[in-house]
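> The structure is given below, and queries will be raised subsequently.
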Protein chains: 2
Amino acid sequence: MAKSFTTREENYSQWYNDIVKKADLAENSAVRGCMVIKPYGYAIWEKMQRALDDMFKETGHVNAYFPIFIPKSFLSREASHVEGFAKECAVVTHYRLINDPEGNGVVVDPEAKLEEELIVRPTSETIIWDTYKNWIQSYRDLPILCNQWANVVRWEMRTRLFLRTAEFLWQEGHTAHATREEAVEETEKMLRVYADFAEKFMAMPVIKGVKTPNERFAGAEDTYCIEALMQDGKALQAGTSHFLGQNFAKAFDVKFLNKENQQEYVWATSWGVSTRLIGALIMSHSDDNGLVLPPKLAPIQVVIIPIYKTDEQRAAITEKVNDLVAKLKIKNISVKYDDDDSKRSGWKFNEYELKGVPVRIAIGPRDLENNQVEIARRDTFEKITASFNDLENTIEKLLVDIQENIYNRALKFREENIRKVDNWDEFISILDEKAGFVSAHWDGTPETEEKIKELSKATIRCIPFDNPEEEGKCVLTGKPSKQRVLFARAY
Amino acid sequence: MAKSFTTREENYSQWYNDIVKKADLAENSAVRGCMVIKPYGYAIWEKMQRALDDMFKETGHVNAYFPIFIPKSFLSREASHVEGFAKECAVVTHYRLINDPEGNGVVVDPEAKLEEELIVRPTSETIIWDTYKNWIQSYRDLPILCNQWANVVRWEMRTRLFLRTAEFLWQEGHTAHATREEAVEETEKMLRVYADFAEKFMAMPVIKGVKTPNERFAGAEDTYCIEALMQDGKALQAGTSHFLGQNFAKAFDVKFLNKENQQEYVWATSWGVSTRLIGALIMSHSDDNGLVLPPKLAPIQVVIIPIYKTDEQRAAITEKVNDLVAKLKIKNISVKYDDDDSKRSGWKFNEYELKGVPVRIAIGPRDLENNQVEIARRDTFEKITASFNDLENTIEKLLVDIQENIYNRALKFREENIRKVDNWDEFISILDEKAGFVSAHWDGTPETEEKIKELSKATIRCIPFDNPEEEGKCVLTGKPSKQRVLFARAY
């Protein structure tokens with residue numbers, strides 16, 4: 001088969017860009033670092049949104065919407081928060097354009113300067129806690145369990161489609177609680193929701209863990225994360241859930257009257273996943289023929305392509321297919337019958353392979369005679385002949401199979417690429433030659449963590465939740481350590 | 001019943017604000033003109049979005065996402081477009097904050113000035129047509145039928161929750177076509193979709209028509225609109241669909257090779273509705289007891305309130321209710337059982353009335369004995385006793401009834417408030433005393449239109465699509481006219 005793009009082996013990074021472009025997922029826009037999410041890419045995002053939104057609602061959350069602008073002074077209220085975000089802010093300073101007096105189009109009206117600059121939200125803790133202040137008086141007003149679907153802007157210098165863009169789409173949950181315990185429980189619960197989503201919908205195995213203080217969200221007391229492994233052996237942080245303690249409540253003076261009739265600061269969490277997940281999805285499963293999508297997130301789960309020479313043949317196939325399409329729709333399987341006469345079937349085969357459609361069905365006149373179809377799986381390229389009888393059930397089972405298969409394949413890859421390492425030379429050579437996660441002892445100091453990052457470009461991805469205690473020596477300093485942590489080079 | 005807020009008669013504007021606030025729909029934020037949409041208000045928006053999105057998809061449209069920022073120079077490309085939007089732009093000029101050298105928190109980093117300012121999108125024609133340029137080569141690439149759900153910013157000086165805010169949420173469709181006819185047809189089709197949505201979901205009758213040149217969208221050749229009448233007799237533009245001709249294709253040099261192998265500019269439409277619809281919904285149906293919601297957009301369609309004294313009574317009611325709830329859920333009816341023990345049932349009755357829940361069911365021990373419930377309709381306050389047998393069907397029918405009833409009530413009000421007027425004194429006195437739509441002759445000139453607006457504060461809302469030809473004399477100038485047009489004072 002003619003490959004129209006780079007293989008993973010040749011150039012992994014170029015392969016990724018090729019898939020994003022050729023599968024029509026996204027493209028760069030005229031605005032530096034901002035992407036256009038094309039209809040096919042956006043359809044994947046819509047499927048992700050729907051599944052996540054259902055999971056949030058099942059766990060008692062409601063959606064709301066808060067302003068896109070954050071007054072500059074709000075950012076400064078929480079010291080580490082402003083430290084984390086000030087360097088990459090889009091700042092609105094004026095509210096009007098006028099015709100250039102010198103005739104060069106429109107210019108900013110110097111008379112229309114804002115008294116206080118507004119920041120395009122990089123995240124919404126500050127504006128939301130300023131709002132919660134008015135919503136919370138007593139313990140009866142708690143918990144507040146809000147989520148927001150929104151765009152955010154972080155002025156990243158080096159951007160890559162989906163993985164790191166100046167503007168991205170995400171959801172951000174912001175909850176308020178009466179006790180530390182309840183807030184910690186919420187933080188953990190939402191991380192489990194993310195892990196479930198990643199594994200059950202994205203077919204992407206993840207490791208749940210906690211970040212080191214160095215890698216925490218700016219303003220959090222603890223950051224939990226899910227970490228996934230991409231096919232090039234680099235890790236990707238796929239979602240985070242933060243226990244914010246009382247930091248934002250203190251910054252915005254949000255107190256409540258507890259059951260003992262005492263004023264107390266409110267406890268907070270926040271948690272988010274973004275369009276970055278689409279990048280993770282691509283890099284988890286796709287191959288040198290294009291995108292591979294898990295059926296649960298595929299905008300088109302089944303494509304049916306007629307093979308014919310005459311109009312009669314086409315009509316006979318169409319009649320049979322219409323019946324099948326109706327049966328599949330009843331099962332909520334999204335199906336496309338592509339009988340576009342202006343494209344050859346070979347072209348179509350390539351196109352839907354490129355776009356990662358999980359199941360392709362081809363039907364020709366002979367198949368009709370034999371009451372059968374040819375089914376091709378995108379994940380394994382396996383072809384089978386199946387009877388028209390009960391075909392909708394055959395397909396339904398096949399979709400479940402594919403979902404499981406690509407999860408298991410990704411899990412096997414991940415398991416094969418976690419390596420215990422006990423000395424520095426091996427640490428470096430594993431990272432250079434095999435990449436993947438390296439499970440190694442660390443002396444627990446931010447200084448050593450920083451030094452390891454400097455020397456190896458690897459960061460501590462997380463301390464896994466179920467981490468066993470184990471006596472050992474730090475892989476860099478040789479100082480005593482009580483547990484291994486997961487290192488990797490990461491996106 | 002104790003009224004906690006202003007009546008429509010006392011002060012319509014205050015009544016509106018009270019409902020928005022007390023039904024927990026939205027509130028002002030710390031950012032001038034930007035609102036916080038609270039969970040209950042946002043749940044209405046989600047229902048609107050789902051219904052509209054389904055309608056867009058049924059008519060062949062797909063969703064996509066384009067950058068929030070528009071390079072300043074893009075706005076200037078289409079002359080009337082920049083004229084329309086330059087005065088109310090949020091302008092991003094810098095991309096970084098730094099610590100104030102003088103120690104006063106963070107300040108804009110003067111080193112981080114953008115080469116070209118970015119405008120927070122007030123609408124996306126320019127950035128989208130810059131993108132379409134790369135998507136379109138030949139007639140085979142057309143039509144493009146994209147929609148975007150997004151936030152937009154227009155720096156309005158006088159804002160009101162939902163009706164006019166600096167930031168609002170909306171959808172904007174942007175389509176590209178090979179012929180004028182096809183683009184005009186699309187413009188009309190989407191106006192019909194909006195009218196269907198307004199009437200079938202919002203239960204709000206609308207008049208479909210075309211705007212005068214004065215009232216057109218900045219950059220359109222024609223603007224179609226749906227106009228609704230609020231209970232205070234003021235009109236509200238609820239949605240617009242624009243035929244853009246080749247204006248944006250010319251501004252961004254978007255040509256295609258037509259079937260005759262000639263280069264031609266692409267034809268365009270755009271169309272949008274926004275969170276303003278929530279304001280329209282409130283003002284169409286609500287009364288002096290609070291919000292009245294059409295069942296199809298009500299986040300909670302049915303609320304069930306137990307009336308009990310003992311724990312046994314409560315348990316017996318709950319058992320019976322659980323069964324009913326399950327049956328209603330099968331019918332996709334959203335139901336809330338409010339057995340919160342900390343609130344009295346009288347308080348609950350008030351609360352759900354205020355929040356516009358269409359159907360309230362009360363069940364006490366006696367009702368259980370008699371195998372019945374008490375049902376109260378929010379729209380008419382009518383109470384009926386209904387048997388538990390087949391109750392889910394009774395409720396389902398009742399919801400249909402309520403939806404129809406509030407539509408018919410609004411339609412009757414609208415019909416009673418369209419008045420033919422043939423002289424200027426009457427024109428003014430009708431507007432002052434009764435408001436509503438005034439159907440009057442106009443000489444067809446923008447100067448007269450402007451003069452009428454100046455003298456009466458009424459604008460031409462639209463020239464209705466099905467407008468009959470009729471000889472007459474302009475209500476202001478007495479010059480000859482061929483048709484009546486619809487005037488009103490408007491939101």
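Chain lettering (A, B, ...) mirrors the order of the structure tokens, residue numbering begins at 1 for each chain separately, and ligand numbering begins at 1 in order of display.
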Tell me as a CSV table (one decimal) with C-alpha atoms, in the first residue's frame which residues belonging to chain A come within 8 Å of chain B, counting only C-alpha atoms.


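So out_13.csv came out as:
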```csv
chain,number,residue,atom,x,y,z
A,29,SER,CA,-4.3,29.0,12.4
A,30,ALA,CA,-3.1,32.5,11.5
A,31,VAL,CA,-2.9,33.2,15.2
A,34,CYS,CA,-3.8,28.7,18.3
A,35,MET,CA,-5.2,25.8,16.4
A,36,VAL,CA,-8.3,25.2,14.3
A,37,ILE,CA,-10.0,22.0,15.3
A,38,LYS,CA,-11.4,20.6,12.1
A,39,PRO,CA,-14.8,18.8,12.0
A,41,GLY,CA,-11.1,16.2,15.2
A,42,TYR,CA,-14.0,18.1,16.9
A,43,ALA,CA,-16.3,15.1,16.5
A,62,VAL,CA,-23.4,20.4,37.7
A,63,ASN,CA,-22.1,22.7,34.9
A,64,ALA,CA,-21.9,26.4,35.2
A,65,TYR,CA,-20.1,29.2,33.3
A,66,PHE,CA,-17.7,31.9,34.7
A,67,PRO,CA,-16.1,34.9,32.9
A,68,ILE,CA,-13.3,34.5,30.4
A,69,PHE,CA,-11.5,37.5,32.0
A,70,ILE,CA,-9.7,37.6,35.2
A,71,PRO,CA,-8.8,40.9,36.8
A,72,LYS,CA,-5.1,41.2,37.1
A,73,SER,CA,-5.2,41.7,40.8
A,76,SER,CA,-1.8,38.0,42.6
A,86,ALA,CA,2.1,35.3,35.1
A,87,LYS,CA,4.7,34.3,32.5
A,88,GLU,CA,2.3,33.1,29.9
A,89,CYS,CA,-0.8,35.4,30.1
A,90,ALA,CA,-2.7,37.1,27.3
A,91,VAL,CA,-3.4,40.5,28.6
A,92,VAL,CA,-6.4,42.7,27.5
A,93,THR,CA,-5.5,46.4,28.0
A,94,HIS,CA,-7.9,48.3,25.8
A,95,TYR,CA,-11.6,48.0,24.8
A,96,ARG,CA,-11.9,49.9,21.5
A,97,LEU,CA,-10.3,50.4,18.1
A,98,ILE,CA,-10.4,53.6,16.1
A,105,GLY,CA,-6.6,51.0,9.0
A,106,VAL,CA,-7.6,50.7,12.6
A,108,VAL,CA,-6.0,50.8,19.4
A,127,ILE,CA,-12.6,34.2,39.4
A,130,ASP,CA,-14.3,35.3,44.1
A,131,THR,CA,-17.8,34.1,43.0
A,146,CYS,CA,-19.3,22.8,39.7
A,155,TRP,CA,1.0,31.8,26.0
A,167,GLU,CA,-5.6,28.3,23.4
```

> Applying 12 Å and only C-alpha atoms, which residues near Leu398 in chain B remain after dropping the ones on its own chain fewer than 2 positions away? List them as a PyMOL selection string.

chain B and resi 294-295+301-302+333+358-360+375-380+382-384+386+391-396+400-405

> Report, in Å to a single decimal, how far apart CA of Asp466 in chain A and CA of Glu450 in chain A are.

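According to the coordinates, CA of Glu450 in chain A and CA of Asp466 in chain A are separated by 24.4 Å.
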
> Please, what distance in Å, to one decimal, runs between CA of Ile428 in chain A and CA of Leu281 in chain A?

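Computed distance, CA of Ile428 in chain A to CA of Leu281 in chain A, equals 27.7 Å.
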
> Using DSSP assignments from the backbone, pull out every residue in range 176-397 of chain B that falls under helix (DSSP H, G or I) and give it to me as a VMD selection string.

chain B and resid 180 to 201 213 to 215 247 to 251 276 to 285 295 to 297 311 to 330 345 to 354 365 to 369 391 to 397

> Which neighbours of range 431-435 of chain B fall inside 9 Å, counting only C-alpha atoms, when residues of the same chain fewer than 2 positions from it are skipped, and could you give them as a list in words?

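My reading of the contact set: Asp232, Gly233, Lys234, Asn417, Glu426, Phe427, Ile428, Ser429, Phe437, Val438, Ser456, Ala458, Ala488 and Arg489 of chain B.
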
> Can you write out the residues you just picked, keeping C-alpha atoms, as a PDB file, in the first residue's frame?


```
ATOM      1  CA  ASP B 232     -43.917  44.428  28.320  1.00  0.00           C
ATOM      2  CA  GLY B 233     -44.642  44.937  24.631  1.00  0.00           C
ATOM      3  CA  LYS B 234     -41.024  45.349  23.614  1.00  0.00           C
ATOM      4  CA  ASN B 417     -50.296  43.270  20.216  1.00  0.00           C
ATOM      5  CA  GLU B 426     -51.473  57.205  16.701  1.00  0.00           C
ATOM      6  CA  PHE B 427     -48.077  55.655  16.032  1.00  0.00           C
ATOM      7  CA  ILE B 428     -46.600  57.489  19.003  1.00  0.00           C
ATOM      8  CA  SER B 429     -49.551  57.010  21.306  1.00  0.00           C
ATOM      9  CA  PHE B 437     -45.594  45.662  17.226  1.00  0.00           C
ATOM     10  CA  VAL B 438     -46.894  48.491  15.078  1.00  0.00           C
ATOM     11  CA  SER B 456     -40.201  57.410  18.699  1.00  0.00           C
ATOM     12  CA  ALA B 458     -38.963  52.478  17.671  1.00  0.00           C
ATOM     13  CA  ALA B 488     -41.386  48.280  17.819  1.00  0.00           C
ATOM     14  CA  ARG B 489     -39.291  49.460  20.677  1.00  0.00           C
TER      15      ARG B 489
END
```

> Between B:Ile226, B:Ala268, B:Ile452, B:Ala251, which one has atoms that come closest to Pro143 in chain B, using only C-alpha atoms?

B:Ala268

> Could you give me the residues within range 47-253 of chain A that DSSP places in strand (DSSP E), as a ChimeraX atom specification?

/A:62-63,69-71,91-94,97-99,106-108,113-120,144-153,167-177,207-210,222-229,235-245

> Find the residues around Ser387 in chain A up to 10 Å (only C-alpha atoms counted), leave out those fewer than 4 positions away in its own chain, and share them as a list in words.

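Skipping anything fewer than 4 positions along the chain leaves Asp367, Leu368, Asn370, Asn371, Gln372, Val373, Glu374, Leu391 and Thr394 of chain A.
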
> Could you save those same residues with N, CA and C atoms as a PDB file, in the first residue's frame?


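Dumped to again.pdb:
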```pdb
ATOM      1  N   ASP A 367     -20.868 -10.957  -3.118  1.00  0.00           N
ATOM      2  CA  ASP A 367     -21.246 -11.037  -1.707  1.00  0.00           C
ATOM      3  C   ASP A 367     -22.757 -11.116  -1.570  1.00  0.00           C
ATOM      4  N   LEU A 368     -23.437 -10.301  -2.369  1.00  0.00           N
ATOM      5  CA  LEU A 368     -24.907 -10.331  -2.334  1.00  0.00           C
ATOM      6  C   LEU A 368     -25.414 -11.729  -2.640  1.00  0.00           C
ATOM      7  N   ASN A 370     -23.950 -14.489  -2.234  1.00  0.00           N
ATOM      8  CA  ASN A 370     -23.625 -15.427  -1.155  1.00  0.00           C
ATOM      9  C   ASN A 370     -24.157 -14.982   0.211  1.00  0.00           C
ATOM     10  N   ASN A 371     -24.953 -13.906   0.199  1.00  0.00           N
ATOM     11  CA  ASN A 371     -25.512 -13.391   1.453  1.00  0.00           C
ATOM     12  C   ASN A 371     -24.439 -13.099   2.489  1.00  0.00           C
ATOM     13  N   GLN A 372     -23.368 -12.446   2.036  1.00  0.00           N
ATOM     14  CA  GLN A 372     -22.255 -12.195   2.955  1.00  0.00           C
ATOM     15  C   GLN A 372     -21.604 -10.849   2.675  1.00  0.00           C
ATOM     16  N   VAL A 373     -20.716 -10.453   3.583  1.00  0.00           N
ATOM     17  CA  VAL A 373     -19.920  -9.237   3.389  1.00  0.00           C
ATOM     18  C   VAL A 373     -18.481  -9.528   3.802  1.00  0.00           C
ATOM     19  N   GLU A 374     -17.594  -8.612   3.383  1.00  0.00           N
ATOM     20  CA  GLU A 374     -16.212  -8.696   3.856  1.00  0.00           C
ATOM     21  C   GLU A 374     -16.011  -7.618   4.902  1.00  0.00           C
ATOM     22  N   LEU A 391     -25.985  -9.855  11.131  1.00  0.00           N
ATOM     23  CA  LEU A 391     -24.762  -9.069  10.931  1.00  0.00           C
ATOM     24  C   LEU A 391     -24.624  -7.935  11.947  1.00  0.00           C
ATOM     25  N   THR A 394     -23.001  -9.344  14.915  1.00  0.00           N
ATOM     26  CA  THR A 394     -21.586  -9.624  14.626  1.00  0.00           C
ATOM     27  C   THR A 394     -20.764  -8.344  14.758  1.00  0.00           C
TER      28      THR A 394
END
```

> Which neighbours of Tyr308 in chain A fall inside 9 Å, counting only C-alpha atoms, when residues of the same chain fewer than 2 positions from it are skipped, and could you give them as a PyMOL selection string?

chain A and resi 306+310-314+317+363-365

> Next, write the just-selected residues to a file, as an mmCIF file, in the first residue's frame, keeping C-alpha atoms as the atom set.


```cif
data_model
loop_
_atom_site.group_PDB
_atom_site.id
_atom_site.type_symbol
_atom_site.label_atom_id
_atom_site.label_comp_id
_atom_site.auth_asym_id
_atom_site.auth_seq_id
_atom_site.Cartn_x
_atom_site.Cartn_y
_atom_site.Cartn_z
ATOM 1 C CA PRO A 306 -20.150 -0.747 -2.160
ATOM 2 C CA THR A 310 -23.289 -1.298 -13.041
ATOM 3 C CA ASP A 311 -26.109 0.855 -11.735
ATOM 4 C CA GLU A 312 -28.181 -2.280 -11.144
ATOM 5 C CA GLN A 313 -25.475 -3.739 -8.946
ATOM 6 C CA ARG A 314 -25.223 -0.510 -7.023
ATOM 7 C CA ILE A 317 -26.279 -3.307 -2.831
ATOM 8 C CA ILE A 363 -20.008 -5.466 -0.400
ATOM 9 C CA GLY A 364 -19.901 -6.524 -4.034
ATOM 10 C CA PRO A 365 -22.348 -8.372 -6.285
#
```

> Set the distance at 8 Å and use only C-alpha atoms: which residues neighbour Met230 in chain B once local chain neighbours fewer than 6 positions away are removed? I'd like the list as a ChimeraX atom specification.

/B:236,280,283-284

> Just the residues within 7 Å of Leu293 in chain A, please, counting only C-alpha atoms, with nothing from its chain fewer than 3 positions along; format it as a compact mmCIF listing (two decimals) with all heavy atoms, in the first residue's frame.


```
# COMPACT_ATOMS: atom_id res chain seq x y z
N LEU A 297 -14.96 6.10 20.91
CA LEU A 297 -14.74 7.53 20.62
C LEU A 297 -14.67 7.81 19.12
O LEU A 297 -14.38 8.93 18.71
CB LEU A 297 -13.46 8.02 21.30
CG LEU A 297 -13.45 8.00 22.83
CD1 LEU A 297 -12.09 8.45 23.36
CD2 LEU A 297 -14.56 8.88 23.41
N ALA A 298 -14.95 6.81 18.31
CA ALA A 298 -14.86 7.00 16.86
C ALA A 298 -16.12 7.70 16.33
O ALA A 298 -17.22 7.20 16.54
CB ALA A 298 -14.68 5.66 16.16
N GLY A 356 -9.00 6.12 10.73
CA GLY A 356 -9.13 5.26 11.91
C GLY A 356 -10.50 4.67 12.15
O GLY A 356 -10.82 4.30 13.28
N VAL A 357 -11.32 4.57 11.12
CA VAL A 357 -12.65 3.98 11.30
C VAL A 357 -12.47 2.50 11.71
O VAL A 357 -11.83 1.75 10.98
CB VAL A 357 -13.48 4.10 10.01
CG1 VAL A 357 -14.81 3.39 10.16
CG2 VAL A 357 -13.70 5.57 9.68
N PRO A 358 -12.99 2.09 12.85
CA PRO A 358 -12.67 0.76 13.39
C PRO A 358 -13.08 -0.41 12.50
O PRO A 358 -12.34 -1.39 12.40
CB PRO A 358 -13.45 0.72 14.71
CG PRO A 358 -13.63 2.14 15.10
CD PRO A 358 -13.77 2.90 13.81
```

> May I ask for the distance between CA of Pro213 in chain B and CA of Arg484 in chain B, given in Å to one decimal place?

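Interatomic distance, CA of Pro213 in chain B to CA of Arg484 in chain B: 16.1 Å.
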